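Novice: Coordinates in structure-v9.pdb, PDB, C-alpha atoms, are listed below.
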```
ATOM      1  CA  MET W  47     -25.106  63.049  55.435
ATOM      2  CA  SER W  48     -22.144  65.347  54.713
ATOM      3  CA  VAL W  49     -19.865  63.705  52.154
ATOM      4  CA  ARG W  50     -16.998  65.683  50.656
ATOM      5  CA  THR W  51     -16.214  65.265  46.989
ATOM      6  CA  PRO W  52     -13.653  67.262  44.965
ATOM      7  CA  ALA W  53     -16.327  69.789  43.954
ATOM      8  CA  SER W  54     -17.095  70.591  47.621
ATOM      9  CA  GLU W  55     -15.567  73.796  48.895
ATOM     10  CA  ALA W  56     -14.093  73.977  52.402
ATOM     11  CA  SER W  57     -15.060  77.210  54.121
ATOM     12  CA  GLU W  58     -12.428  79.934  53.886
ATOM     13  CA  PRO W  59     -10.637  80.418  57.204
ATOM     14  CA  SER W  60     -10.520  83.964  58.549
ATOM     15  CA  GLU W  61      -7.066  85.560  58.309
ATOM     16  CA  ALA W  62      -6.881  86.443  61.982
ATOM     17  CA  ILE W  63      -7.767  83.085  63.511
ATOM     18  CA  HIS W  64      -4.995  80.555  64.068
ATOM     19  CA  ARG W  65      -5.913  77.054  65.195
ATOM     20  CA  SER W  66      -3.714  74.343  66.666
ATOM     21  CA  GLY W  67      -4.482  70.949  68.097
ATOM     22  CA  PHE W  68      -4.260  67.198  67.888
ATOM     23  CA  ALA W  69      -6.020  64.774  65.572
ATOM     24  CA  CYS W  70      -5.668  61.025  65.624
ATOM     25  CA  PHE W  71      -6.421  58.376  63.034
ATOM     26  CA  VAL W  72      -7.966  55.196  64.341
ATOM     27  CA  GLY W  73      -9.096  52.074  62.601
ATOM     28  CA  ARG W  74      -8.448  48.411  62.517
ATOM     29  CA  PRO W  75      -4.954  47.237  61.551
ATOM     30  CA  ASN W  76      -3.910  47.971  57.947
ATOM     31  CA  ALA W  77      -6.653  50.548  57.315
ATOM     32  CA  GLY W  78      -4.164  53.040  55.829
ATOM     33  CA  LYS W  79      -3.587  55.239  58.892
ATOM     34  CA  SER W  80       0.210  55.506  58.639
ATOM     35  CA  THR W  81       0.181  56.091  54.865
ATOM     36  CA  LEU W  82      -2.349  58.897  55.376
ATOM     37  CA  THR W  83      -0.237  60.482  58.154
ATOM     38  CA  ASN W  84       2.812  60.467  55.880
ATOM     39  CA  ALA W  85       0.811  61.942  52.961
ATOM     40  CA  LEU W  86      -0.531  64.812  55.087
ATOM     41  CA  VAL W  87       2.877  65.642  56.585
ATOM     42  CA  GLY W  88       4.557  65.259  53.187
ATOM     43  CA  GLN W  89       7.359  63.079  54.542
ATOM     44  CA  LYS W  90       7.765  59.657  56.083
ATOM     45  CA  VAL W  91       7.162  59.864  59.838
ATOM     46  CA  ALA W  92       5.201  56.637  60.374
ATOM     47  CA  ILE W  93       6.287  53.226  59.185
ATOM     48  CA  THR W  94       4.031  51.599  56.627
ATOM     49  CA  SER W  95       3.783  47.923  55.815
ATOM     50  CA  ASN W  96       1.246  45.642  54.228
ATOM     51  CA  ARG W  97       1.534  43.561  57.399
ATOM     52  CA  PRO W  98      -1.169  44.533  59.913
ATOM     53  CA  GLN W  99      -0.231  45.862  63.353
ATOM     54  CA  THR W 100       3.113  47.457  62.513
ATOM     55  CA  THR W 101       2.715  50.781  64.349
ATOM     56  CA  ARG W 102       3.713  50.497  68.004
ATOM     57  CA  HIS W 103       4.241  54.093  69.068
ATOM     58  CA  SER W 104       1.964  57.109  68.876
ATOM     59  CA  VAL W 105       3.917  58.844  66.116
ATOM     60  CA  ARG W 106       3.125  62.508  65.832
ATOM     61  CA  GLY W 107       3.304  64.070  62.407
ATOM     62  CA  ILE W 108       3.080  67.853  62.263
ATOM     63  CA  VAL W 109       1.262  69.681  59.450
ATOM     64  CA  HIS W 110       2.289  73.371  59.250
ATOM     65  CA  ARG W 111      -0.142  75.786  57.565
ATOM     66  CA  PRO W 112      -0.456  79.589  57.650
ATOM     67  CA  ASP W 113      -3.806  79.303  59.448
ATOM     68  CA  ALA W 114      -3.131  76.270  61.646
ATOM     69  CA  GLN W 115      -0.840  73.638  63.053
ATOM     70  CA  LEU W 116      -2.347  70.188  62.899
ATOM     71  CA  VAL W 117      -0.547  67.567  64.994
ATOM     72  CA  LEU W 118      -1.367  64.034  63.849
ATOM     73  CA  VAL W 119      -1.158  61.201  66.323
ATOM     74  CA  ASP W 120      -0.817  57.826  64.628
ATOM     75  CA  THR W 121      -2.015  55.038  66.893
ATOM     76  CA  PRO W 122      -1.694  51.268  66.609
ATOM     77  CA  GLY W 123      -4.767  49.544  65.123
ATOM     78  CA  LEU W 124      -7.338  48.664  67.755
ATOM     79  CA  HIS W 125      -7.871  44.889  67.771
ATOM     80  CA  LYS W 126      -8.928  41.992  70.004
ATOM     81  CA  PRO W 127      -5.712  41.395  71.954
ATOM     82  CA  ARG W 128      -4.143  37.927  72.228
ATOM     83  CA  THR W 129      -0.987  38.902  74.125
ATOM     84  CA  LEU W 130       0.120  41.358  76.793
ATOM     85  CA  LEU W 131       1.674  43.456  73.990
ATOM     86  CA  GLY W 132      -1.749  43.510  72.270
ATOM     87  CA  GLU W 133      -3.415  44.746  75.474
ATOM     88  CA  ARG W 134      -0.783  47.469  75.900
ATOM     89  CA  LEU W 135      -1.250  48.627  72.289
ATOM     90  CA  ASN W 136      -5.020  48.904  72.838
ATOM     91  CA  ASP W 137      -4.399  50.946  76.006
ATOM     92  CA  VAL W 138      -2.243  53.346  73.942
ATOM     93  CA  VAL W 139      -5.176  53.834  71.530
ATOM     94  CA  ARG W 140      -7.769  54.539  74.228
ATOM     95  CA  THR W 141      -5.486  56.955  76.102
ATOM     96  CA  THR W 142      -4.847  58.840  72.847
ATOM     97  CA  TRP W 143      -8.568  59.112  72.040
ATOM     98  CA  ALA W 144      -9.193  60.760  75.385
ATOM     99  CA  GLU W 145      -6.616  63.490  74.714
ATOM    100  CA  VAL W 146      -7.154  64.639  71.101
ATOM    101  CA  ASP W 147      -9.325  67.394  69.598
ATOM    102  CA  VAL W 148     -10.649  65.378  66.664
ATOM    103  CA  ILE W 149     -10.744  61.677  65.721
ATOM    104  CA  GLY W 150     -10.441  60.411  62.141
ATOM    105  CA  PHE W 151     -11.879  56.904  61.763
ATOM    106  CA  CYS W 152     -10.166  55.208  58.793
ATOM    107  CA  LEU W 153     -12.237  52.680  56.838
ATOM    108  CA  PRO W 154     -10.784  51.186  53.635
ATOM    109  CA  ALA W 155     -12.987  51.691  50.553
ATOM    110  CA  ASN W 156     -12.102  48.240  49.218
ATOM    111  CA  GLU W 157     -13.300  46.215  52.234
ATOM    112  CA  LYS W 158     -16.849  45.887  53.496
ATOM    113  CA  ILE W 159     -17.485  47.111  57.040
ATOM    114  CA  GLY W 160     -16.751  44.180  59.332
ATOM    115  CA  PRO W 161     -16.899  43.214  63.026
ATOM    116  CA  GLY W 162     -13.522  44.924  63.639
ATOM    117  CA  ASP W 163     -14.864  48.249  62.357
ATOM    118  CA  ARG W 164     -18.046  47.942  64.423
ATOM    119  CA  PHE W 165     -15.974  47.083  67.518
ATOM    120  CA  ILE W 166     -14.107  50.415  67.107
ATOM    121  CA  ALA W 167     -17.244  52.380  66.154
ATOM    122  CA  LYS W 168     -18.980  51.206  69.370
ATOM    123  CA  GLU W 169     -16.020  52.474  71.415
ATOM    124  CA  LEU W 170     -16.108  55.790  69.519
ATOM    125  CA  ALA W 171     -19.826  56.152  70.195
ATOM    126  CA  GLY W 172     -18.949  56.333  73.907
ATOM    127  CA  ILE W 173     -16.716  59.396  73.372
ATOM    128  CA  LYS W 174     -19.365  62.086  73.172
ATOM    129  CA  ARG W 175     -17.592  65.447  73.035
ATOM    130  CA  THR W 176     -14.826  64.808  70.467
ATOM    131  CA  PRO W 177     -15.787  65.429  66.804
ATOM    132  CA  LYS W 178     -15.398  62.357  64.581
ATOM    133  CA  VAL W 179     -14.573  62.344  60.869
ATOM    134  CA  ALA W 180     -15.047  59.168  58.836
ATOM    135  CA  VAL W 181     -12.097  58.881  56.436
ATOM    136  CA  VAL W 182     -12.669  56.445  53.583
ATOM    137  CA  THR W 183      -9.138  55.356  52.589
ATOM    138  CA  LYS W 184      -7.730  53.514  49.549
ATOM    139  CA  THR W 185     -10.324  54.958  47.139
ATOM    140  CA  ASP W 186      -7.902  54.329  44.257
ATOM    141  CA  LEU W 187      -8.703  50.603  44.614
ATOM    142  CA  VAL W 188     -12.458  50.829  43.885
ATOM    143  CA  ASP W 189     -14.842  52.180  41.239
ATOM    144  CA  SER W 190     -17.377  54.942  41.917
ATOM    145  CA  LYS W 191     -20.276  52.501  42.508
ATOM    146  CA  ALA W 192     -18.394  50.558  45.219
ATOM    147  CA  LEU W 193     -17.284  53.848  46.807
ATOM    148  CA  ALA W 194     -20.870  55.162  46.895
ATOM    149  CA  GLU W 195     -22.031  51.937  48.584
ATOM    150  CA  GLN W 196     -19.271  52.224  51.197
ATOM    151  CA  LEU W 197     -20.164  55.870  51.946
ATOM    152  CA  ILE W 198     -23.833  54.911  52.485
ATOM    153  CA  ALA W 199     -22.815  51.959  54.722
ATOM    154  CA  ILE W 200     -20.604  54.223  56.881
ATOM    155  CA  ASP W 201     -23.358  56.814  57.215
ATOM    156  CA  GLN W 202     -25.797  54.060  58.242
ATOM    157  CA  MET W 203     -23.354  52.594  60.800
ATOM    158  CA  GLY W 204     -23.093  56.052  62.378
ATOM    159  CA  LYS W 205     -26.893  56.313  62.600
ATOM    160  CA  ASP W 206     -27.185  52.800  64.095
ATOM    161  CA  LEU W 207     -24.674  53.581  66.844
ATOM    162  CA  GLY W 208     -25.604  57.226  67.483
ATOM    163  CA  ILE W 209     -22.416  58.698  66.001
ATOM    164  CA  GLU W 210     -22.853  61.998  64.207
ATOM    165  CA  TRP W 211     -20.001  62.217  61.690
ATOM    166  CA  ALA W 212     -18.644  65.777  61.394
ATOM    167  CA  GLU W 213     -17.603  64.808  57.852
ATOM    168  CA  ILE W 214     -17.319  61.727  55.648
ATOM    169  CA  VAL W 215     -14.282  62.163  53.389
ATOM    170  CA  PRO W 216     -13.083  59.733  50.686
ATOM    171  CA  VAL W 217      -9.285  59.947  50.153
ATOM    172  CA  SER W 218      -6.442  58.169  48.405
ATOM    173  CA  ALA W 219      -3.116  58.802  50.136
ATOM    174  CA  VAL W 220      -1.277  56.853  47.416
ATOM    175  CA  GLY W 221      -2.926  58.814  44.585
ATOM    176  CA  ASP W 222      -2.844  62.058  46.626
ATOM    177  CA  LYS W 223      -6.584  62.541  46.054
ATOM    178  CA  GLN W 224      -8.447  64.773  48.531
ATOM    179  CA  VAL W 225      -5.609  64.590  51.108
ATOM    180  CA  GLN W 226      -5.440  68.394  51.147
ATOM    181  CA  LEU W 227      -9.222  68.607  51.442
ATOM    182  CA  LEU W 228      -9.073  66.340  54.499
ATOM    183  CA  ALA W 229      -6.611  68.759  56.156
ATOM    184  CA  ASP W 230      -8.931  71.676  55.243
ATOM    185  CA  LEU W 231     -11.825  69.895  56.972
ATOM    186  CA  LEU W 232      -9.877  68.851  60.095
ATOM    187  CA  VAL W 233      -8.512  72.350  60.811
ATOM    188  CA  PRO W 234     -11.877  74.043  61.645
ATOM    189  CA  LEU W 235     -12.488  71.308  64.243
ATOM    190  CA  LEU W 236      -9.352  72.343  66.178
ATOM    191  CA  PRO W 237      -9.396  74.920  68.987
ATOM    192  CA  GLU W 238      -7.962  78.391  68.436
ATOM    193  CA  GLY W 239      -4.390  78.602  69.659
ATOM    194  CA  PRO W 240      -0.718  79.401  68.921
ATOM    195  CA  THR W 241       1.716  77.041  67.180
ATOM    196  CA  LEU W 242       2.751  74.115  69.380
ATOM    197  CA  TYR W 243       5.953  73.096  67.555
ATOM    198  CA  PRO W 244       8.677  75.117  65.767
ATOM    199  CA  GLU W 245       8.307  75.620  62.002
ATOM    200  CA  GLY W 246      10.168  72.840  60.207
ATOM    201  CA  ASP W 247       9.584  70.159  62.859
ATOM    202  CA  LEU W 248       7.734  67.247  61.274
ATOM    203  CA  THR W 249       7.524  64.937  64.279
ATOM    204  CA  ASP W 250       8.383  64.940  67.987
ATOM    205  CA  GLU W 251       9.535  61.318  67.962
ATOM    206  CA  PRO W 252      13.105  60.949  69.261
ATOM    207  CA  GLU W 253      15.495  60.187  66.388
ATOM    208  CA  GLN W 254      16.516  56.895  68.018
ATOM    209  CA  VAL W 255      12.888  55.683  67.994
ATOM    210  CA  MET W 256      12.460  56.652  64.342
ATOM    211  CA  VAL W 257      15.701  54.898  63.364
ATOM    212  CA  ALA W 258      14.545  51.738  65.170
ATOM    213  CA  GLU W 259      11.190  51.927  63.341
ATOM    214  CA  LEU W 260      12.895  52.235  59.935
ATOM    215  CA  ILE W 261      15.035  49.168  60.666
ATOM    216  CA  ARG W 262      11.955  47.246  61.789
ATOM    217  CA  GLU W 263      10.056  48.257  58.653
ATOM    218  CA  ALA W 264      12.887  46.936  56.459
ATOM    219  CA  ALA W 265      13.019  43.712  58.509
ATOM    220  CA  LEU W 266       9.261  43.169  58.093
ATOM    221  CA  GLU W 267       9.333  43.188  54.309
ATOM    222  CA  GLY W 268       9.016  39.741  52.807
ATOM    223  CA  VAL W 269       9.068  37.719  56.033
ATOM    224  CA  ARG W 270       6.522  35.069  56.837
ATOM    225  CA  ASP W 271       3.176  36.014  58.350
ATOM    226  CA  GLU W 272       4.015  35.008  61.935
ATOM    227  CA  LEU W 273       7.035  37.278  62.219
ATOM    228  CA  PRO W 274       5.721  40.885  62.208
ATOM    229  CA  HIS W 275       4.517  40.649  65.785
ATOM    230  CA  SER W 276       7.761  38.994  66.864
ATOM    231  CA  ILE W 277      10.306  41.618  65.771
ATOM    232  CA  ALA W 278      11.362  44.455  68.072
ATOM    233  CA  VAL W 279      14.305  46.759  67.375
ATOM    234  CA  VAL W 280      16.346  48.627  69.980
ATOM    235  CA  VAL W 281      19.001  51.159  68.951
ATOM    236  CA  GLU W 282      21.737  50.651  71.533
ATOM    237  CA  GLU W 283      23.798  53.676  70.519
ATOM    238  CA  MET W 284      24.148  56.418  67.895
ATOM    239  CA  LEU W 285      27.524  58.146  68.011
ATOM    240  CA  PRO W 286      29.493  60.292  65.541
ATOM    241  CA  ARG W 287      32.676  58.422  64.494
ATOM    242  CA  GLU W 288      35.716  60.061  66.102
ATOM    243  CA  ASP W 289      38.709  61.321  64.097
ATOM    244  CA  ARG W 290      36.603  62.109  61.000
ATOM    245  CA  PRO W 291      37.154  65.377  59.100
ATOM    246  CA  ALA W 292      34.311  67.885  59.560
ATOM    247  CA  ASP W 293      33.282  67.625  55.897
ATOM    248  CA  LYS W 294      33.124  63.788  56.018
ATOM    249  CA  PRO W 295      31.134  62.868  59.121
ATOM    250  CA  LEU W 296      29.997  59.305  59.810
ATOM    251  CA  LEU W 297      27.392  58.224  62.339
ATOM    252  CA  ASP W 298      27.842  54.787  63.927
ATOM    253  CA  ILE W 299      24.509  53.137  64.759
ATOM    254  CA  HIS W 300      24.422  49.855  66.688
ATOM    255  CA  ALA W 301      21.024  48.168  66.839
ATOM    256  CA  ASN W 302      19.638  44.822  67.980
ATOM    257  CA  LEU W 303      16.706  43.038  66.333
ATOM    258  CA  PHE W 304      14.916  40.935  68.941
ATOM    259  CA  ILE W 305      12.850  37.882  68.007
ATOM    260  CA  GLU W 306      11.033  35.452  70.302
ATOM    261  CA  ARG W 307      12.410  32.041  69.323
ATOM    262  CA  PRO W 308      15.775  30.709  68.108
ATOM    263  CA  SER W 309      13.971  29.176  65.085
ATOM    264  CA  GLN W 310      13.071  32.708  63.893
ATOM    265  CA  LYS W 311      16.714  33.798  63.804
ATOM    266  CA  GLY W 312      17.401  32.029  60.515
ATOM    267  CA  ILE W 313      14.369  33.668  58.870
ATOM    268  CA  VAL W 314      15.564  37.176  59.754
ATOM    269  CA  ILE W 315      19.244  36.543  58.944
ATOM    270  CA  GLY W 316      18.568  34.496  55.770
ATOM    271  CA  PRO W 317      20.944  32.134  53.962
ATOM    272  CA  LYS W 318      24.569  33.266  54.472
ATOM    273  CA  GLY W 319      23.265  36.459  56.133
ATOM    274  CA  LYS W 320      21.764  37.694  52.846
ATOM    275  CA  ARG W 321      18.440  38.853  54.335
ATOM    276  CA  LEU W 322      19.970  40.779  57.226
ATOM    277  CA  LYS W 323      22.364  42.443  54.781
ATOM    278  CA  GLU W 324      19.388  43.563  52.635
ATOM    279  CA  VAL W 325      17.658  44.914  55.769
ATOM    280  CA  GLY W 326      20.826  46.893  56.552
ATOM    281  CA  ILE W 327      21.175  48.338  53.033
ATOM    282  CA  LYS W 328      17.500  49.295  52.757
ATOM    283  CA  SER W 329      17.157  50.850  56.229
ATOM    284  CA  ARG W 330      20.532  52.631  55.996
ATOM    285  CA  LYS W 331      19.310  54.569  52.917
ATOM    286  CA  GLN W 332      16.149  55.646  54.763
ATOM    287  CA  ILE W 333      18.096  56.553  57.930
ATOM    288  CA  GLU W 334      20.617  58.646  55.949
ATOM    289  CA  ALA W 335      17.732  60.478  54.262
ATOM    290  CA  LEU W 336      16.105  61.087  57.666
ATOM    291  CA  LEU W 337      19.256  62.276  59.481
ATOM    292  CA  GLY W 338      21.029  63.889  56.507
ATOM    293  CA  THR W 339      24.381  62.240  57.270
ATOM    294  CA  PRO W 340      26.274  59.108  56.147
ATOM    295  CA  VAL W 341      25.669  56.153  58.475
ATOM    296  CA  PHE W 342      27.520  52.962  59.414
ATOM    297  CA  LEU W 343      24.830  50.518  60.535
ATOM    298  CA  ASP W 344      25.713  47.528  62.713
ATOM    299  CA  LEU W 345      22.820  45.062  63.138
ATOM    300  CA  HIS W 346      22.606  41.999  65.382
ATOM    301  CA  VAL W 347      19.752  39.505  65.815
ATOM    302  CA  LYS W 348      19.055  38.339  69.368
ATOM    303  CA  VAL W 349      16.474  36.088  71.006
ATOM    304  CA  ALA W 350      14.296  37.535  73.796
ATOM    305  CA  LYS W 351      12.166  34.516  74.659
ATOM    306  CA  ASP W 352       8.390  35.165  74.378
ATOM    307  CA  TRP W 353       8.943  38.909  74.870
ATOM    308  CA  GLN W 354       5.350  39.808  73.886
ATOM    309  CA  ARG W 355       4.023  38.027  76.966
ATOM    310  CA  ASP W 356       6.674  39.051  79.508
ATOM    311  CA  PRO W 357       6.124  42.407  81.298
ATOM    312  CA  LYS W 358       9.853  42.743  82.136
ATOM    313  CA  GLN W 359      10.940  42.194  78.527
ATOM    314  CA  LEU W 360       8.216  44.561  77.219
ATOM    315  CA  ARG W 361       9.552  47.300  79.484
ATOM    316  CA  ARG W 362      13.125  46.674  78.307
ATOM    317  CA  LEU W 363      12.038  46.866  74.664
ATOM    318  CA  GLY W 364      10.204  50.152  75.217
ATOM    319  CA  PHE W 365       6.569  49.080  75.585
TER     320      PHE W 365
END
```
So that I can check it, write out the structure of this file as structure tokens.
Specialist:
Amino acid sequence: MSVRTPASEASEPSEAIHRSGFACFVGRPNAGKSTLTNALVGQKVAITSNRPQTTRHSVRGIVHRPDAQLVLVDTPGLHKPRTLLGERLNDVVRTTWAEVDVIGFCLPANEKIGPGDRFIAKELAGIKRTPKVAVVTKTDLVDSKALAEQLIAIDQMGKDLGIEWAEIVPVSAVGDKQVQLLADLLVPLLPEGPTLYPEGDLTDEPEQVMVAELIREAALEGVRDELPHSIAVVVEEMLPREDRPADKPLLDIHANLFIERPSQKGIVIGPKGKRLKEVGIKSRKQIEALLGTPVFLDLHVKVAKDWQRDPKQLRRLGF
């Protein structure tokens, strides 16, 4: 079993060889995939939330290094689907697996391996040629004894299912422990090749999609458990305000938050519109940091009845 601890040394890459390729993090919902993507890239490119199932697009984060360019694909958590949206999210995961150079399987250190993890591991066992790295996330939440037990359990699961882990790496994205080591271990598993994206690019997501995700992340905070699946955000337009002096630009962003039932409208808007106002303030700060320009954000809440189960509505909302 190859487990990497801080004392382990990653092999020194040769000066001449440059590698580039795609890695994806998989795991059940809320296994720390988005937080890890953001930590590796060094900036927020994937939305994070303590609500499971918040990632709905394959967000690509780009890690630039002198010896390599590592493009991270952040997929939704694979789960047993209960709606058409759930089925579509699972399809996104499987399509991504088939196209990447290396797969990182995220397993939280603070939760015992469960049926959801085994469900994913069985699927991974069927993908023979792609190297698989077991990434033990959230190590800051456990002591060394619990971590050792989890590492042994993951190694054993691999043996039971016929998966040969290329590496087993414990990390803490929040504590920034071994995140760099993980990048060092993923790079040698990539094919040799030139850079795929210009220096300075951190993601290839369209800005409109990222803005919508930041609004949705702010809307998810503090709402009741049934709402995360029911919120979709569509940015209708992003336009520079006319007649502004060049040194004082303002970007007008008009976005709609879609929920499934009229009864959910009050939850999102809050008493006297207080909640929606908070969503606007919080997401506007993040959007201004992302785009580097002052923003006027206009938010509206609309009902799209049972959109998760309606193919037409899913298409309209970008799924």
Novice: Just checking: using all atoms listed in the file, which residue out of W:Pro177, W:Pro216, W:Gly132, W:Gly73 ends up closest to Gly160 (chain W)?
Specialist: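 Closest residue, counting all atoms listed in the file: W:Gly73.
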Novice: Taking the file as shown, find all residues satisfying the PyMOL selection byres ((chain W and resi 336) around 9) and write them as a ChimeraX atom specification.
Specialist: /W:90,253,256-257,331-335,337-339
Novice: Apply the PyMOL selection byres ((chain W and resi 164-176) around 6) to the displayed file and report the matching residues as a list in words.
Specialist: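 That expression, the PyMOL selection byres ((chain W and resi 164-176) around 6), corresponds here to Val148, Pro161, Gly162, Asp163, Pro177 and Ile209 of chain W.
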Novice: Figure out the distance between CA of Lys178 (chain W) and CA of Ile214 (chain W), please, to one decimal in Å.
Specialist: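 Separating CA of Ile214 (chain W) from CA of Lys178 (chain W) is a distance of 9.2 Å.
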Novice: Return the single residue from W:Ala212, W:Pro340, W:Val119, W:Arg134 that is closest to Leu235 (chain W), with distances computed using only C-alpha atoms.
Specialist: W:Ala212
Novice: Do you have, as CSV, the list of residues of region 191-290 of chain W lying at most 12 Å from region 149-153 of chain W, each with its nearest atom pair and that distance in Å to one decimal, counting only C-alpha atoms and ordered by chain then number?
Specialist:
```
residue,atom,partner,partner_atom,distance
W:Leu193,CA,W:Leu153,CA,11.3
W:Gln196,CA,W:Leu153,CA,9.0
W:Leu197,CA,W:Leu153,CA,9.8
W:Ala199,CA,W:Leu153,CA,10.8
W:Ile200,CA,W:Leu153,CA,8.5
W:Asp201,CA,W:Leu153,CA,11.9
W:Met203,CA,W:Leu153,CA,11.8
W:Gly204,CA,W:Phe151,CA,11.3
W:Ile209,CA,W:Phe151,CA,11.5
W:Trp211,CA,W:Phe151,CA,9.7
W:Ala212,CA,W:Gly150,CA,9.8
W:Glu213,CA,W:Gly150,CA,9.4
W:Ile214,CA,W:Phe151,CA,9.5
W:Val215,CA,W:Gly150,CA,9.7
W:Pro216,CA,W:Leu153,CA,9.4
W:Val217,CA,W:Cys152,CA,9.9
W:Ser218,CA,W:Cys152,CA,11.4
W:Ala219,CA,W:Cys152,CA,11.7
W:Leu228,CA,W:Gly150,CA,9.8
W:Ala229,CA,W:Gly150,CA,11.0
W:Leu231,CA,W:Gly150,CA,10.9
W:Leu232,CA,W:Gly150,CA,8.7
W:Val233,CA,W:Ile149,CA,12.0
W:Leu235,CA,W:Ile149,CA,9.9
W:Leu236,CA,W:Ile149,CA,10.8
```
Novice: Set the distance at 6 Å and use only C-alpha atoms: which residues neighbour region 112-118 of chain W once local chain neighbours fewer than 3 positions away are removed? I'd like the list as an NGL selection string.
Specialist: :W and (64-70 or 106-109 or 241)
Novice: Starting from the shown file, work through the PyMOL selection byres ((chain W and resi 324) around 12) and note down what comes out as a ChimeraX atom specification.
Specialist: /W:261,264-268,314-323,325-331,343,345
Novice: Between CA of Asp222 (chain W) and CA of Ser80 (chain W), measure the distance and give it in Å to one decimal.
Specialist: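 Interatomic distance, CA of Asp222 (chain W) to CA of Ser80 (chain W): 14.0 Å.
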